[in-house]
Every structure is written in structure tokens, then in C-alpha cells.
Amino acid sequence: MAHDTPPDDDDTTLFRTAVGPVRRLPQDRHAGRARAPAPRPRQSEAADREALHDLMSDPFGGTDVQPGDELQFARTGLQRSVYRKLRRGQYRIGAELDLHGMTTVEARQALAQFLADARHARWRCVRIIHGKGLRSSNRGPVLKSHVAHWLSRRDEVLAYCSARPADGGTGAVYVLLRQRT
């Protein structure tokens with residue numbers, strides 16, 4: 001059967017009889033669907049809220065960290081070359097947080113928010129300035145020991161170490177963060 005020949009009048013009449021009366025539509029365009037809202041990483045947000053809650057409710061009495069002591073921490077399984085690169089200050093610093101003059105409660109909140117922002121911004125390495133604690137009482141550097149404790153409790157922190165002298169020395173730490181998937 002050839003498709004390029006026009007239908008005869010009998011076929012057209014038969015078709016119109018089978019279809020019945022026809023009326024023109026007011027428009028022939030599809031209205032479409034409303035745009036879907038942007039996706040939200042609900043699991044990541046929940047994990048951040050839980051980590052913030054854990055960080056805020058963590059009782060810590062302090063350690064025997066002294067003003068000149070270097071801080072260092074690395075998760076099990078972290079490659080030595082990666083940690084060595086962190087200690088040498090070879091990672092680009094995405095951002096820094098200065099905790100000078102803050103109380104322990106203020107510093108804890110600022111650190112939690114900073115790490116959440118760093119995770120959201122996908123920063124690989126950040127610097128946290130906690131101070132050396134030279135003007136602390138006989139208890140030693142308060143923020144320094146607390147920052148070390150808080151960072152070691154965060155899952156997204158792969159490693160941290162005291163900064164090079166040009167970047168704050170023992171009064172600051174480089175923090176290597178886990179890449180968000």
C-alpha cells in the first residue's frame with residue numbers, strides 16, 4: 001500500500017463518521033509542570049545538626065596542653081604523605097577562623113558553625129587561630145586544649161596540626177577536612 005497517494009472520498013467520509021463531531025481546542029500548547037524545588041541535602045543537614053548538638057553538649061575538663069606545645073592529630077588510615085603535606089602548609093587555606101577573645105561557649109559555637117560552612121563550601125583545608133594561651137592563668141591555654149578536643153571528635157576532620165610559624169605557629173592549626181560526597 002503506497003502512502004503518498006491521497007485518500008479517496010470514501011475513506012475520508014468513513015473516518016469522519018467514525019470520529020464524530022470535532023471542535024477546535026482554544027490552544028494547542030501543553031501548559032507544562034511547575035518547576036521542581038531545588039534539592040536539599042537533608043541527610044547532610046541532619047548530620048550537621050547532630051554534630052552541632054554533640055559538640056555543644058560535650059563536657060570537657062581540659063588537658064595538660066602548654067602554650068608552646070604543638071597540636072597534632074590524624075585519623076587512622078590517613079596517608080603519611082597527606083599529613084606531611086598538611087604539616088608543611090602545602091594545602092591552600094580555604095578560610096580561617098579567629099577565636100581570640102571568645103569565651104569557651106562562644107568559641108564552640110563559632111567552631112561548629114565554621115566547620116558546617118566549610119563542609120558546605122567544600123573547603124579541603126582551613127586554619128583555626130586559637131591563640132597560644134600566653135596570658136592564660138596557671139590552667140594553661142584554655143581554647144587551645146578545647147579546640148584540639150573538639151576537632152578530634154568531628155568526623156569530617158581527617159587531621160590537624162599546628163601551623164607553620166609564618167601562619168601562627170603553635171597559636172593556630174591547619175585542619176584537613178574530609179571531602180563531602
# chains A, B, ... in the order shown; residues from 1 in each chain; ligands from 1

$ residues_around --residues "A:Leu143" --least-positions-apart "4" --cutoff "10 Å" --atoms "only C-alpha atoms" --output "PyMOL selection string"
chain A and resi 62+99-104+107-108+129-133+136+147-149+171

$ residues_around --residues "A:Gln179" --least-positions-apart "5" --cutoff "9 Å" --atoms "only C-alpha atoms" --output "list in words"
Arg119, Arg122, Trp123, Arg124 and Glu156 of chain A

$ residues_around --residues "A:Thr76" --least-positions-apart "2" --cutoff "10 Å" --atoms "only C-alpha atoms" --output "ChimeraX atom specification"
/A:73-74,78-79,158-159

$ residues_around --residues "A:Ile93" --least-positions-apart "6" --cutoff "12 Å" --atoms "only C-alpha atoms" --output "ChimeraX atom specification"
/A:86,118,122-128,163,167,173-177

$ write_last_selection --atoms "C-alpha atoms" --output "PDB file, in the first residue's frame"
ATOM      1  CA  LEU A  86      49.458  19.411  55.831  1.00  0.00           C
ATOM      2  CA  ALA A 118      33.442  24.720  55.431  1.00  0.00           C
ATOM      3  CA  ARG A 122      33.707  22.053  50.140  1.00  0.00           C
ATOM      4  CA  TRP A 123      36.905  23.553  51.551  1.00  0.00           C
ATOM      5  CA  ARG A 124      39.685  20.986  51.840  1.00  0.00           C
ATOM      6  CA  CYS A 125      41.848  22.809  54.366  1.00  0.00           C
ATOM      7  CA  VAL A 126      41.091  25.608  56.846  1.00  0.00           C
ATOM      8  CA  ARG A 127      43.064  27.426  59.539  1.00  0.00           C
ATOM      9  CA  ILE A 128      41.774  27.984  63.047  1.00  0.00           C
ATOM     10  CA  ALA A 163      50.594  25.840  61.768  1.00  0.00           C
ATOM     11  CA  ASP A 167      50.862  31.225  59.792  1.00  0.00           C
ATOM     12  CA  VAL A 173      46.094  24.813  63.495  1.00  0.00           C
ATOM     13  CA  TYR A 174      45.703  23.646  59.926  1.00  0.00           C
ATOM     14  CA  VAL A 175      42.647  21.417  59.648  1.00  0.00           C
ATOM     15  CA  LEU A 176      42.280  18.913  56.812  1.00  0.00           C
ATOM     16  CA  LEU A 177      38.636  18.171  56.099  1.00  0.00           C
TER      17      LEU A 177
END

$ closest_residue --among "A:Asp10, A:Glu70, A:Gly20, A:Glu106" --to "A:Lys144" --atoms "only C-alpha atoms"
A:Glu70

$ atom_distance --atom1 "atom CA of A:Ser44" --atom2 "atom CA of A:Asp117"
11.9 Å

$ select_by_dssp --residues "stretch 90-135 of chain A" --states "strand (DSSP E or B)" --output "list in words"
Glu96, Leu97, Asp98, Cys125, Val126, Arg127, Ile128 and Ile129 of chain A

$ write_last_selection --atoms "C-alpha atoms" --output "tab-separated table (two decimals), in the first residue's frame"
chain	number	residue	atom	x	y	z
A	96	GLU	CA	40.24	30.90	58.62
A	97	LEU	CA	38.51	31.36	61.94
A	98	ASP	CA	39.98	33.55	64.68
A	125	CYS	CA	41.85	22.81	54.37
A	126	VAL	CA	41.09	25.61	56.85
A	127	ARG	CA	43.06	27.43	59.54
A	128	ILE	CA	41.77	27.98	63.05
A	129	ILE	CA	43.54	30.54	65.23

$ closest_residue --among "A:Arg153, A:Arg87, A:Asp48, A:Arg80" --to "A:Phe114" --atoms "only C-alpha atoms"
A:Asp48
